[in-house]
Structure formats: structure tokens, C-alpha cells
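Asks: Just run_26.cif, nothing more (mmCIF, C-alpha atoms):
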```cif
data_upload
loop_
_atom_site.label_atom_id
_atom_site.label_comp_id
_atom_site.auth_asym_id
_atom_site.auth_seq_id
_atom_site.Cartn_x
_atom_site.Cartn_y
_atom_site.Cartn_z
CA MET Q 16 -40.09 48.57 -55.49
CA ASN Q 17 -42.02 51.72 -56.43
CA LEU Q 18 -44.29 50.61 -59.26
CA ASP Q 19 -45.18 54.19 -60.14
CA LEU Q 20 -41.56 54.95 -61.10
CA ILE Q 21 -40.98 52.02 -63.46
CA LYS Q 22 -40.44 52.84 -67.12
CA PRO Q 23 -43.86 53.04 -68.83
CA GLN Q 24 -44.92 50.73 -71.64
CA LYS Q 25 -48.13 50.88 -73.69
CA PRO Q 26 -50.57 48.63 -71.84
CA VAL Q 27 -53.66 50.86 -71.62
CA SER Q 28 -56.16 50.61 -74.46
CA ALA Q 29 -57.72 53.81 -75.77
CA LEU Q 30 -61.13 52.42 -74.83
CA PHE Q 31 -60.10 51.91 -71.20
CA LEU Q 32 -58.52 55.35 -70.99
CA PHE Q 33 -61.59 56.90 -72.67
CA ARG Q 34 -63.88 55.27 -70.10
CA ALA Q 35 -61.73 56.58 -67.24
CA TYR Q 36 -61.67 60.02 -68.88
CA ARG Q 37 -65.47 60.03 -69.22
CA ALA Q 38 -65.80 58.91 -65.59
CA CYS Q 39 -63.70 61.86 -64.46
CA GLN Q 40 -65.91 64.21 -66.47
CA LEU Q 41 -69.04 62.72 -64.90
CA LEU Q 42 -67.48 63.38 -61.50
CA GLY Q 43 -67.08 67.06 -62.41
CA ALA Q 44 -63.60 67.42 -63.93
CA ARG Q 45 -63.38 69.71 -66.96
CA ARG Q 46 -62.75 68.18 -70.36
CA PRO Q 47 -60.08 70.68 -71.58
CA VAL Q 48 -58.11 70.30 -68.35
CA LEU Q 49 -58.07 66.51 -68.63
CA LEU Q 50 -57.08 66.47 -72.30
CA LYS Q 51 -54.29 68.97 -71.66
CA ALA Q 52 -52.94 66.89 -68.78
CA MET Q 53 -52.87 63.74 -70.93
CA GLU Q 54 -51.52 65.67 -73.95
CA LEU Q 55 -54.15 64.01 -76.12
CA LYS Q 56 -57.01 64.97 -78.39
CA GLU Q 57 -60.37 63.30 -77.89
CA PRO Q 58 -60.35 61.54 -81.31
CA GLU Q 59 -57.20 59.70 -80.20
CA LEU Q 60 -59.11 58.31 -77.22
CA ARG Q 61 -61.89 57.10 -79.51
CA ASN Q 62 -59.67 54.91 -81.66
CA PRO Q 63 -60.72 51.31 -80.81
CA LEU Q 64 -57.26 50.06 -81.85
CA GLY Q 65 -55.22 52.62 -79.88
CA TYR Q 66 -52.95 51.96 -76.89
CA PHE Q 67 -51.14 54.34 -74.52
CA ASP Q 68 -48.57 54.07 -71.78
CA SER Q 69 -49.73 54.17 -68.17
CA ALA Q 70 -48.34 57.70 -67.74
CA LYS Q 71 -51.47 58.98 -69.54
CA LEU Q 72 -53.66 57.33 -66.92
CA SER Q 73 -51.52 58.77 -64.11
CA ALA Q 74 -51.81 62.24 -65.65
CA LEU Q 75 -55.59 61.81 -65.79
CA PHE Q 76 -55.70 60.84 -62.11
CA GLU Q 77 -53.56 63.78 -61.04
CA ALA Q 78 -55.49 66.37 -63.06
CA SER Q 79 -58.83 65.02 -61.82
CA ALA Q 80 -57.72 64.96 -58.18
CA GLU Q 81 -56.65 68.60 -58.46
CA GLU Q 82 -59.85 69.57 -60.27
CA LEU Q 83 -62.12 67.83 -57.78
CA GLY Q 84 -60.08 68.50 -54.65
CA THR Q 85 -60.01 64.89 -53.51
CA ASP Q 86 -57.51 62.08 -53.12
CA ASP Q 87 -60.22 59.41 -52.78
CA LEU Q 88 -60.65 59.28 -56.56
CA ILE Q 89 -59.93 55.75 -57.82
CA PRO Q 90 -63.01 54.10 -56.24
CA LYS Q 91 -65.24 56.87 -57.62
CA ILE Q 92 -63.80 56.46 -61.12
CA ALA Q 93 -64.24 52.67 -60.90
CA ARG Q 94 -67.93 53.00 -60.03
CA LYS Q 95 -68.48 55.22 -63.08
CA MET Q 96 -66.58 52.76 -65.29
CA VAL Q 97 -68.79 49.76 -64.53
CA PRO Q 98 -70.45 48.76 -67.83
CA SER Q 99 -74.07 49.91 -67.82
CA GLY Q 100 -75.12 49.66 -71.47
CA PHE Q 101 -74.19 47.96 -74.73
CA SER Q 102 -71.93 50.87 -75.69
CA ASP Q 103 -69.68 50.00 -72.74
CA PRO Q 104 -66.98 47.37 -73.28
CA GLY Q 105 -67.73 44.39 -71.07
CA PHE Q 106 -71.47 44.92 -70.67
CA LEU Q 107 -72.33 41.80 -72.70
CA ALA Q 108 -70.05 39.80 -70.40
CA LEU Q 109 -72.45 40.46 -67.52
CA PHE Q 110 -74.98 38.11 -69.18
CA ASP Q 111 -72.66 35.10 -69.55
CA ILE Q 112 -73.34 31.64 -68.15
CA ASN Q 113 -71.25 31.67 -64.94
CA PHE Q 114 -69.04 34.00 -62.94
CA GLY Q 115 -65.85 32.60 -64.44
CA ALA Q 116 -67.04 33.42 -67.95
CA VAL Q 117 -68.22 36.86 -66.78
CA LEU Q 118 -64.87 37.68 -65.19
CA GLY Q 119 -62.87 36.40 -68.15
CA LYS Q 120 -64.79 38.59 -70.58
CA VAL Q 121 -64.90 41.64 -68.32
CA ILE Q 122 -61.12 41.38 -68.01
CA HIS Q 123 -60.73 41.00 -71.77
CA ALA Q 124 -62.93 44.06 -72.31
CA GLN Q 125 -60.71 46.17 -70.06
CA ARG Q 126 -57.90 45.64 -72.58
CA LEU Q 127 -55.09 46.12 -70.08
CA GLY Q 128 -51.87 44.85 -71.60
CA HIS Q 129 -51.03 45.33 -75.26
CA ASP Q 130 -48.93 42.36 -76.35
CA LYS Q 131 -49.60 40.36 -73.20
CA PRO Q 132 -52.69 40.54 -70.93
CA ILE Q 133 -51.96 41.96 -67.48
CA LEU Q 134 -54.95 40.35 -65.76
CA ASN Q 135 -55.64 36.61 -65.97
CA LEU Q 136 -57.86 33.98 -64.37
CA HIS Q 137 -56.20 31.20 -62.39
CA ARG Q 138 -57.47 28.39 -60.20
CA ASP Q 139 -55.91 25.73 -57.99
CA ARG Q 140 -57.03 23.41 -55.19
CA LEU Q 141 -57.19 26.33 -52.74
CA GLY Q 142 -59.22 28.89 -54.64
CA ASP Q 143 -60.11 30.80 -57.82
CA TYR Q 144 -58.12 33.93 -58.62
CA VAL Q 145 -57.89 37.03 -60.78
CA VAL Q 146 -54.14 37.60 -60.98
CA TRP Q 147 -52.20 40.70 -62.00
CA ASP Q 148 -49.16 39.64 -64.02
CA ASP Q 149 -46.13 39.83 -61.69
CA ASP Q 150 -43.93 41.03 -64.55
CA ALA Q 151 -46.28 43.85 -65.52
CA CYS Q 152 -44.62 47.23 -64.99
CA GLN Q 153 -47.58 49.37 -64.05
CA SER Q 154 -48.58 51.85 -61.39
CA LYS Q 155 -50.32 50.93 -58.16
CA LYS Q 156 -53.21 53.25 -59.01
CA MET Q 157 -53.76 51.49 -62.30
CA MET Q 158 -53.80 48.15 -60.47
CA TYR Q 159 -56.38 49.40 -57.98
CA LEU Q 160 -58.55 50.73 -60.76
CA GLY Q 161 -58.36 47.44 -62.68
CA PHE Q 162 -59.29 45.43 -59.59
CA LEU Q 163 -62.05 47.82 -58.53
CA VAL Q 164 -63.73 47.78 -61.95
CA ILE Q 165 -63.87 43.97 -61.69
CA ILE Q 166 -65.26 44.05 -58.15
CA GLU Q 167 -67.83 46.75 -58.97
CA SER Q 168 -68.90 44.82 -62.09
CA LEU Q 169 -69.61 41.78 -59.91
CA ARG Q 170 -71.50 44.01 -57.46
CA SER Q 171 -73.71 45.23 -60.32
CA ILE Q 172 -74.81 41.64 -61.03
CA ASP Q 173 -75.19 40.33 -57.51
CA GLU Q 174 -74.17 42.09 -54.29
CA ASP Q 175 -73.84 38.71 -52.60
CA ALA Q 176 -71.10 37.70 -55.05
CA LEU Q 177 -68.70 39.90 -53.10
CA TYR Q 178 -69.01 37.54 -50.13
CA ASP Q 179 -67.25 34.91 -52.24
CA ILE Q 180 -64.13 37.10 -52.36
CA ARG Q 181 -61.72 35.97 -49.66
CA SER Q 182 -59.05 38.60 -50.08
CA VAL Q 183 -57.41 41.19 -52.30
CA SER Q 184 -53.62 40.92 -52.06
CA PHE Q 185 -50.88 43.35 -53.08
CA ALA Q 186 -47.13 42.81 -53.30
CA HIS Q 187 -46.31 46.34 -52.13
CA SER Q 188 -46.57 47.90 -48.67
CA LYS Q 189 -49.65 49.86 -47.72
CA SER Q 190 -49.52 53.65 -47.88
CA GLU Q 191 -51.80 56.24 -46.31
CA GLU Q 192 -53.22 57.01 -49.74
CA GLU Q 193 -54.44 53.45 -50.09
CA ARG Q 194 -56.52 53.32 -46.93
CA ALA Q 195 -59.54 54.73 -48.77
CA TYR Q 196 -59.17 52.19 -51.58
CA SER Q 197 -58.95 49.35 -49.09
CA PHE Q 198 -62.02 50.56 -47.24
CA HIS Q 199 -63.99 50.76 -50.48
CA ILE Q 200 -63.05 47.21 -51.49
CA ALA Q 201 -63.91 45.76 -48.09
CA LYS Q 202 -67.07 47.69 -47.21
CA ASN Q 203 -70.26 45.66 -46.81
CA SER Q 204 -68.29 42.41 -47.08
CA SER Q 205 -65.74 40.26 -45.29
CA ILE Q 206 -62.95 40.80 -47.82
CA SER Q 207 -59.46 40.92 -46.33
CA ILE Q 208 -57.05 43.50 -47.77
CA LEU Q 209 -53.49 42.20 -47.60
CA HIS Q 210 -50.16 43.87 -48.41
CA ASP Q 211 -46.57 42.66 -48.71
CA ARG Q 212 -47.75 39.43 -50.31
CA PRO Q 213 -46.09 37.36 -53.07
CA HIS Q 214 -48.73 38.26 -55.68
CA ASN Q 215 -51.20 40.95 -56.71
CA ARG Q 216 -54.53 39.17 -56.98
CA ILE Q 217 -58.18 38.80 -56.02
CA GLU Q 218 -58.85 35.47 -54.33
CA PHE Q 219 -62.31 33.88 -54.53
CA ARG Q 220 -63.47 30.78 -52.73
CA ARG Q 221 -62.87 27.56 -54.65
CA GLY Q 222 -65.59 26.92 -57.22
CA PHE Q 223 -66.73 30.53 -57.52
CA PHE Q 224 -65.96 30.59 -61.24
CA ASP Q 225 -68.46 27.74 -61.77
CA LEU Q 226 -71.37 29.43 -59.98
CA ALA Q 227 -74.30 30.21 -62.28
CA ASN Q 228 -74.78 33.86 -63.20
CA PRO Q 229 -78.31 34.91 -62.21
CA ASP Q 230 -78.39 37.39 -65.11
CA CYS Q 231 -77.39 34.85 -67.78
CA ASN Q 232 -79.14 35.57 -71.11
CA ASN Q 233 -78.34 33.13 -73.92
CA ARG Q 234 -80.54 34.90 -76.45
CA LEU Q 235 -78.50 38.07 -75.97
CA LYS Q 236 -75.23 36.19 -76.43
CA LEU Q 237 -76.40 34.52 -79.63
CA ALA Q 238 -77.71 37.78 -81.08
CA SER Q 239 -74.45 39.57 -80.36
CA LYS Q 240 -72.40 36.71 -81.84
CA LYS Q 241 -74.46 36.89 -85.03
CA GLN Q 242 -73.96 40.66 -85.26
CA ARG Q 243 -70.19 40.32 -84.88
CA ALA Q 244 -69.87 37.30 -87.22
CA GLU Q 245 -66.74 37.63 -89.36
CA GLU Q 246 -68.51 36.66 -92.59
CA ARG Q 247 -70.59 39.79 -92.28
CA TRP Q 248 -67.47 41.90 -92.72
CA GLN Q 249 -65.29 39.83 -95.06
CA THR Q 250 -65.38 42.40 -97.87
CA ARG Q 251 -66.00 45.45 -95.66
CA PRO Q 252 -63.00 46.07 -93.36
CA TYR Q 253 -63.55 49.84 -93.18
CA ALA Q 254 -67.26 49.40 -92.50
CA LYS Q 255 -66.36 47.02 -89.67
CA SER Q 256 -63.91 49.56 -88.20
CA CYS Q 257 -66.63 52.22 -88.27
CA TYR Q 258 -69.15 49.76 -86.80
CA ASP Q 259 -66.84 48.96 -83.86
CA TYR Q 260 -66.03 52.64 -83.43
CA LEU Q 261 -69.68 53.67 -83.32
CA ILE Q 262 -70.82 50.99 -80.87
CA TYR Q 263 -68.77 52.56 -78.08
CA LEU Q 264 -69.93 56.08 -78.88
CA LEU Q 265 -73.67 55.73 -79.48
CA ASP Q 266 -74.64 57.28 -76.14
CA LYS Q 267 -71.80 59.82 -76.17
CA PRO Q 268 -71.47 63.09 -78.10
CA GLY Q 269 -69.54 63.45 -81.33
CA PRO Q 270 -69.68 60.18 -83.34
CA ASN Q 271 -69.53 61.46 -86.94
CA LEU Q 272 -67.52 60.86 -90.09
CA ASP Q 273 -65.12 63.69 -89.32
CA SER Q 274 -64.24 62.45 -85.82
CA ALA Q 275 -64.03 58.85 -87.06
CA SER Q 276 -61.57 59.73 -89.81
CA GLU Q 277 -59.46 61.69 -87.32
CA SER Q 278 -59.44 58.72 -84.94
CA PHE Q 279 -58.33 56.45 -87.78
CA ALA Q 280 -55.67 59.00 -88.82
CA MET Q 281 -56.97 59.51 -92.34
CA ALA Q 282 -58.67 62.28 -94.30
CA GLU Q 283 -62.46 62.41 -94.14
CA ARG Q 284 -62.76 62.10 -97.93
CA THR Q 285 -60.48 59.03 -97.86
CA LEU Q 286 -62.66 57.22 -95.33
CA ARG Q 287 -65.80 58.23 -97.23
CA ARG Q 288 -64.30 56.91 -100.48
CA LYS Q 289 -63.29 53.59 -98.89
CA LEU Q 290 -66.79 53.10 -97.48
CA VAL Q 291 -68.35 53.85 -100.87
CA ALA Q 292 -66.04 51.25 -102.42
CA GLU Q 293 -67.46 48.75 -99.91
CA GLY Q 294 -70.99 49.66 -101.00
CA THR Q 295 -71.99 51.63 -97.92
CA SER Q 296 -71.69 54.96 -96.11
CA PHE Q 297 -70.98 56.18 -92.60
CA ARG Q 298 -74.66 57.04 -92.10
CA GLU Q 299 -75.70 53.54 -93.19
CA VAL Q 300 -73.20 51.93 -90.80
CA LEU Q 301 -74.61 54.10 -88.00
CA GLU Q 302 -78.07 52.74 -88.82
CA TRP Q 303 -76.75 49.16 -88.67
CA VAL Q 304 -75.25 49.82 -85.25
CA ARG Q 305 -78.42 51.44 -83.91
CA ARG Q 306 -80.61 48.66 -85.24
CA ASP Q 307 -78.36 45.90 -83.86
CA ILE Q 308 -77.90 47.48 -80.43
CA CYS Q 309 -81.61 48.26 -80.22
CA HIS Q 310 -82.27 44.53 -80.72
CA LEU Q 311 -79.98 43.74 -77.77
CA TYR Q 312 -81.75 46.23 -75.52
CA PHE Q 313 -85.08 44.66 -76.43
CA LEU Q 314 -83.70 41.20 -75.61
CA GLU Q 315 -82.45 42.57 -72.29
CA GLY Q 316 -86.03 43.59 -71.59
CA LYS Q 317 -85.30 45.93 -68.66
CA ARG Q 318 -85.49 49.47 -70.05
CA GLN Q 319 -88.05 52.07 -71.02
CA LEU Q 320 -88.24 53.09 -74.69
CA SER Q 321 -87.16 56.61 -73.77
CA ASP Q 322 -83.99 55.22 -72.14
CA ILE Q 323 -83.23 53.03 -75.16
CA SER Q 324 -83.74 56.01 -77.46
CA THR Q 325 -81.14 58.02 -75.52
CA LEU Q 326 -78.70 55.13 -75.38
CA LEU Q 327 -78.93 54.78 -79.17
CA GLY Q 328 -78.00 58.42 -79.60
CA TYR Q 329 -81.37 59.88 -80.54
CA SER Q 330 -82.12 63.36 -79.23
CA GLU Q 331 -85.77 62.53 -78.60
CA LEU Q 332 -88.09 59.53 -78.53
CA SER Q 333 -89.99 60.64 -81.65
CA ALA Q 334 -86.79 60.39 -83.73
CA PHE Q 335 -86.21 56.84 -82.47
CA THR Q 336 -89.83 55.93 -83.21
CA ARG Q 337 -89.51 57.18 -86.80
CA ALA Q 338 -86.26 55.27 -87.31
CA TYR Q 339 -87.67 52.05 -85.85
CA THR Q 340 -90.78 52.32 -87.98
CA SER Q 341 -88.62 52.71 -91.09
CA TRP Q 342 -86.73 49.51 -90.13
CA TYR Q 343 -89.68 47.27 -89.31
CA GLY Q 344 -92.83 48.97 -90.58
CA HIS Q 345 -94.31 49.50 -87.11
CA PRO Q 346 -93.43 51.52 -83.97
CA PRO Q 347 -91.11 50.12 -81.28
CA SER Q 348 -93.89 49.93 -78.68
CA LYS Q 349 -95.36 46.97 -80.58
CA ASP Q 350 -92.23 44.87 -80.00
CA ALA Q 351 -90.96 46.18 -76.67
CA SER Q 352 -93.64 44.59 -74.48
CA GLY Q 353 -93.14 41.16 -76.04
CA HIS Q 354 -89.40 41.18 -75.47
CA ALA Q 355 -89.89 42.37 -71.89
CA LYS Q 356 -92.16 39.40 -71.20
CA MET Q 357 -89.59 36.97 -72.64
CA ALA Q 358 -86.87 38.47 -70.47
CA ALA Q 359 -88.93 38.28 -67.29
#
```
Translate the structure described by the file into C-alpha cells.
Replies:
Amino acid sequence: MNLDLIKPQKPVSALFLFRAYRACQLLGARRPVLLKAMELKEPELRNPLGYFDSAKLSALFEASAEELGTDDLIPKIARKMVPSGFSDPGFLALFDINFGAVLGKVIHAQRLGHDKPILNLHRDRLGDYVVWDDDACQSKKMMYLGFLVIIESLRSIDEDALYDIRSVSFAHSKSEEERAYSFHIAKNSSISILHDRPHNRIEFRRGFFDLANPDCNNRLKLASKKQRAEERWQTRPYAKSCYDYLIYLLDKPGPNLDSASESFAMAERTLRRKLVAEGTSFREVLEWVRRDICHLYFLEGKRQLSDISTLLGYSELSAFTRAYTSWYGHPPSKDASGHAKMAA
């Protein structure tokens, strides 16, 4: 069965497609070329509630391969899609208690599968598995990308975790195009790459899901849970939508009221009016997001203030310092060292 020829559904979240699109740009592909190939506008990719069929992802792959003059593209995109900051879906998962919890939340953050998740955790007496739904009608390239993002996310926590992967299995036969993907999965490890198998899955040794995550950070998890608490948003649904929208765009260009309203398919004045009715404004929501995410970076305790400033969307450190001082009455340097010591 040729998975690439099956009728497309709408299993790819806008956030996943946006991350892949950004990865292709970082690799050197031109933004207008990619958007034209996908027949999309960038605001559509920024809608946190949006979903697209897998044909959009295939069009992105094809345009990027032509732009960059390479067929060995999926592993490179996957490396760029590994969550590296709190604006990336799945980054908080990397601080969970054990590898099973990490994988479950990284998979959830990928948002593959609209009505039904495509990737799931499974375990039996023989091993622990990440399984691609056998009934999912998706392309092989999309499957490779989904698996590789998971594997690269584990690599970012602990390189040795890859030695707990026994095999990566695929139900289809191996093609020449896939040799590079297989090599990338297996390099620096003893992972077996298998084809013509009953299932598409990553197999880990039994008990891997229960292994403690060396990067576990309970203070980070509790702070994030408090920020996302439903009671905070009970009377502010539009503020919450803007909050979620802005989190994923803090370190990327273009998060403003105009682009937000376009992503939400409403007029700018309509969104502004709805926010005013909730007792806030787009600028105020942006300040909430920056303040909350700044707190998480301080709890992480691994970054320079200049890096945090950039990740929060400030053009220069002095602007971040002024904002932080207005929030707390003192500069960020006073708090940063203390949080770094707690994280050590």
C-alpha cells in the first residue's frame, strides 16, 4: 500500500505545520516559496486551533527539497523542530518526572491526529512502545518526521536514552529515499531499522517509560500549571486565545493584534472590542505572557539574561530590563542568580 497516495484527512495541527515551516526557513528555504507551495498565508499557520490535511506537509517537503537541493531533508527538519524554549510546544514535557511522561506529553504537543491521536504509548510484557495508529491514513514522510522529532527530543535530554530503543519498525517496504532516514535514526546507537513489519512503531526496552528523567523539574511543572489554570480564564475566553497564541510566537516575528485577528478569522476591531469587554487589551495579554514565560526561564536556571530577553521577544536587553523592573520594582539580575542556584 502506498501511504502517500491515500486520500488526505486533516490530521496536522497548524502548530506542527508552522514548526516544520519555520524549520525549513532556518535551513535556508525562502518563505514566499514555501507559503505558495502550501497555498497558505502565515496567519493561518499561527492559529493554535487550526488543522490541515497532510498534503500541506507534503507540499512543504517538496518545495523545501527543491529550494535546498537535497533529498535528505526530513532528519534535518526534525532536528530543527526539537523543542528548545517555552515558546515551542512540548518543551515543558522535557522536564517531566520520567521518560514515559515525557514521551506522552511530547506526543500530545505534536498534535498529530485531529479527532483521534495518531501516535500513542503502549506497553506489554515484551517492551514499551510508541505506536503509529495502523488505521491512520498518512504519508511515510510524515511518519518519519513524527518519529524523528520524538527520537531527537529524547536525544536532547539524554543521549544515552537512545540506547534504550530496540528498534524502529515500519509496515511498508524500504525505498532508496529512506536509507538516509534510517541511517539518521540508527547513528551512534544500536537501534535496528525494520521494514515489512506488522506495525509502525518505536520499541523501547521494557521499563523504559518508568526511568527517571534526569532533567525533571517539579517547580517548573507547578508554575506552568498555575499559569494555565482554567479559573484564570473563566470570564476571559478571548484573552486566553490570545495568551495561547502569543506563547508560541514570542521568539518569532509578527505577533501583533492585526496578525492575531487574521489568525482567528475576525476583524481587528472586533478582537480589540472583545478584549476590552473582558477588561484587558492585546498589549496587556502580551505582558502577561512575557512575565509568565520569564518566570519559567528563571526556574529553568540555564540561560543568560540576554538569551531570555531575545526569547521573550525583546529587541534588546535594556528593553527587557525596563519591563522586568516595572513588574517587580528591581532589575532581573537581582533574581536571576538566585533561580540559577536553585536549579543547579
Asks: Starting from the shown file, work through the PyMOL selection byres ((chain Q and resi 135) around 8) and note down what comes out as a list in words.
Replies: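 Checked against the file, the PyMOL selection byres ((chain Q and resi 135) around 8) matches Gly119, Ile122, Pro132, Ile133, Leu134, Leu136, His137, Val145, Val146, Trp147 and Asp148 of chain Q.
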Asks: Here is a test: counting all atoms listed in the file, which residue of Q:Leu49, Q:Ile112, Q:Val27, Q:Cys309 is nearest to Q:Phe76?
Replies: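 Nearest to Q:Phe76: Q:Leu49.
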Asks: What does the distance from atom CA of Q:Pro213 to atom CA of Q:Lys91 come to in Å, to one decimal?
Replies: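 Value for the atom CA of Q:Pro213-atom CA of Q:Lys91 distance: 27.7 Å.
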Asks: To one decimal in Å, tell me the separation between atom CA of Q:Ile180 and atom CA of Q:Ser205.
Replies: 7.9 Å
Asks: For stretch 43-48 of chain Q, please output as a list in words all residues within 9 Å (counting only C-alpha atoms; exclusion window: fewer than 3 positions along the same chain).
Replies: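 Here the qualifying residues turn out to be Tyr36, Arg37, Ala38, Cys39, Gln40, Lys51, Ala52, Met53, Ala78, Ser79, Ala80, Glu81, Glu82 and Leu83 of chain Q.
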Asks: Got a sec to resolve the PyMOL selection byres ((chain Q and resi 341-347) around 12) on this structure and send the residues as a PDB file with C-alpha atoms, keeping the file's coordinate frame?
Replies:
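Saved to part_0.pdb:
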```
ATOM      1  CA  GLU Q 302     -78.070  52.740 -88.820  1.00  0.00           C
ATOM      2  CA  TRP Q 303     -76.750  49.160 -88.670  1.00  0.00           C
ATOM      3  CA  ARG Q 305     -78.420  51.440 -83.910  1.00  0.00           C
ATOM      4  CA  ARG Q 306     -80.610  48.660 -85.240  1.00  0.00           C
ATOM      5  CA  ASP Q 307     -78.360  45.900 -83.860  1.00  0.00           C
ATOM      6  CA  CYS Q 309     -81.610  48.260 -80.220  1.00  0.00           C
ATOM      7  CA  HIS Q 310     -82.270  44.530 -80.720  1.00  0.00           C
ATOM      8  CA  TYR Q 312     -81.750  46.230 -75.520  1.00  0.00           C
ATOM      9  CA  PHE Q 313     -85.080  44.660 -76.430  1.00  0.00           C
ATOM     10  CA  GLN Q 319     -88.050  52.070 -71.020  1.00  0.00           C
ATOM     11  CA  LEU Q 320     -88.240  53.090 -74.690  1.00  0.00           C
ATOM     12  CA  SER Q 321     -87.160  56.610 -73.770  1.00  0.00           C
ATOM     13  CA  ILE Q 323     -83.230  53.030 -75.160  1.00  0.00           C
ATOM     14  CA  SER Q 324     -83.740  56.010 -77.460  1.00  0.00           C
ATOM     15  CA  LEU Q 332     -88.090  59.530 -78.530  1.00  0.00           C
ATOM     16  CA  SER Q 333     -89.990  60.640 -81.650  1.00  0.00           C
ATOM     17  CA  ALA Q 334     -86.790  60.390 -83.730  1.00  0.00           C
ATOM     18  CA  PHE Q 335     -86.210  56.840 -82.470  1.00  0.00           C
ATOM     19  CA  THR Q 336     -89.830  55.930 -83.210  1.00  0.00           C
ATOM     20  CA  ARG Q 337     -89.510  57.180 -86.800  1.00  0.00           C
ATOM     21  CA  ALA Q 338     -86.260  55.270 -87.310  1.00  0.00           C
ATOM     22  CA  TYR Q 339     -87.670  52.050 -85.850  1.00  0.00           C
ATOM     23  CA  THR Q 340     -90.780  52.320 -87.980  1.00  0.00           C
ATOM     24  CA  SER Q 348     -93.890  49.930 -78.680  1.00  0.00           C
ATOM     25  CA  LYS Q 349     -95.360  46.970 -80.580  1.00  0.00           C
ATOM     26  CA  ASP Q 350     -92.230  44.870 -80.000  1.00  0.00           C
ATOM     27  CA  ALA Q 351     -90.960  46.180 -76.670  1.00  0.00           C
ATOM     28  CA  SER Q 352     -93.640  44.590 -74.480  1.00  0.00           C
ATOM     29  CA  GLY Q 353     -93.140  41.160 -76.040  1.00  0.00           C
ATOM     30  CA  HIS Q 354     -89.400  41.180 -75.470  1.00  0.00           C
TER      31      HIS Q 354
END
```
Asks: Need the neighbours of (-63.2, 36.1, -47.9): which residues are at most 10 Å away, counting all atoms listed in the file, as a ChimeraX atom specification?
Replies: /Q:177-183,201,204-208,217-220
Asks: In Å to one decimal, how far is atom CA of Q:Arg318 from atom CA of Q:Leu272?
Replies: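 Straight-line distance from atom CA of Q:Leu272 to atom CA of Q:Arg318 works out to 29.2 Å.
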Asks: Kindly resolve the PyMOL selection byres ((chain Q and resi 105) around 10) on the present coordinates and return the residues as a ChimeraX atom specification.
Replies: /Q:97-104,106-110,117-125,168
Asks: Here is a test: counting all atoms listed in the file, which residue of Q:Leu55, Q:Met157, Q:Leu30, Q:Leu42 is nearest to Q:Ser69?
Replies: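 Counting all atoms listed in the file, the residue closest to Q:Ser69 is Q:Met157.
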Asks: With a distance cut-off of 9 Å and all atoms listed in the file, select the neighbouring residues of Q:Asn62, excluding the residue or stretch itself and same-chain residues fewer than 4 positions from it, and output the selection as a JSON list (two decimals) with C-alpha atoms, keeping the file's coordinate frame.
Replies:
```
[["chain", "number", "residue", "atom", "x", "y", "z"],
["Q", 29, "ALA", "CA", -57.72, 53.81, -75.77],
["Q", 30, "LEU", "CA", -61.13, 52.42, -74.83],
["Q", 58, "PRO", "CA", -60.35, 61.54, -81.31],
["Q", 66, "TYR", "CA", -52.95, 51.96, -76.89],
["Q", 260, "TYR", "CA", -66.03, 52.64, -83.43],
["Q", 275, "ALA", "CA", -64.03, 58.85, -87.06],
["Q", 277, "GLU", "CA", -59.46, 61.69, -87.32],
["Q", 278, "SER", "CA", -59.44, 58.72, -84.94],
["Q", 279, "PHE", "CA", -58.33, 56.45, -87.78]]
```
Asks: Using all atoms listed in the file, which of Q:Thr285, Q:Leu326, Q:Ser28, Q:Phe33 sits nearest Q:Ile262?
Replies: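 Counting all atoms listed in the file, the residue closest to Q:Ile262 is Q:Leu326.
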Asks: Measuring between only C-alpha atoms, which one of Q:Leu290, Q:Lys156, Q:Arg61, Q:Arg298 shows the shortest distance to Q:Asp87?
Replies: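 Selected residue with least distance to Q:Asp87: Q:Lys156.
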Asks: Q:Asn215: which residues within 6 Å, counting all atoms listed in the file, same-chain residues fewer than 3 positions away excluded, as a list in words?
Replies: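 Skipping anything fewer than 3 positions along the chain leaves Trp147, Ser184, Phe185 and Ala186 of chain Q.
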Asks: Point out the residue among Q:Arg138, Q:Cys231, Q:Leu72, Q:Glu299 with the least atom-to-atom distance to Q:Lys155, counting only C-alpha atoms.
Replies: Q:Leu72
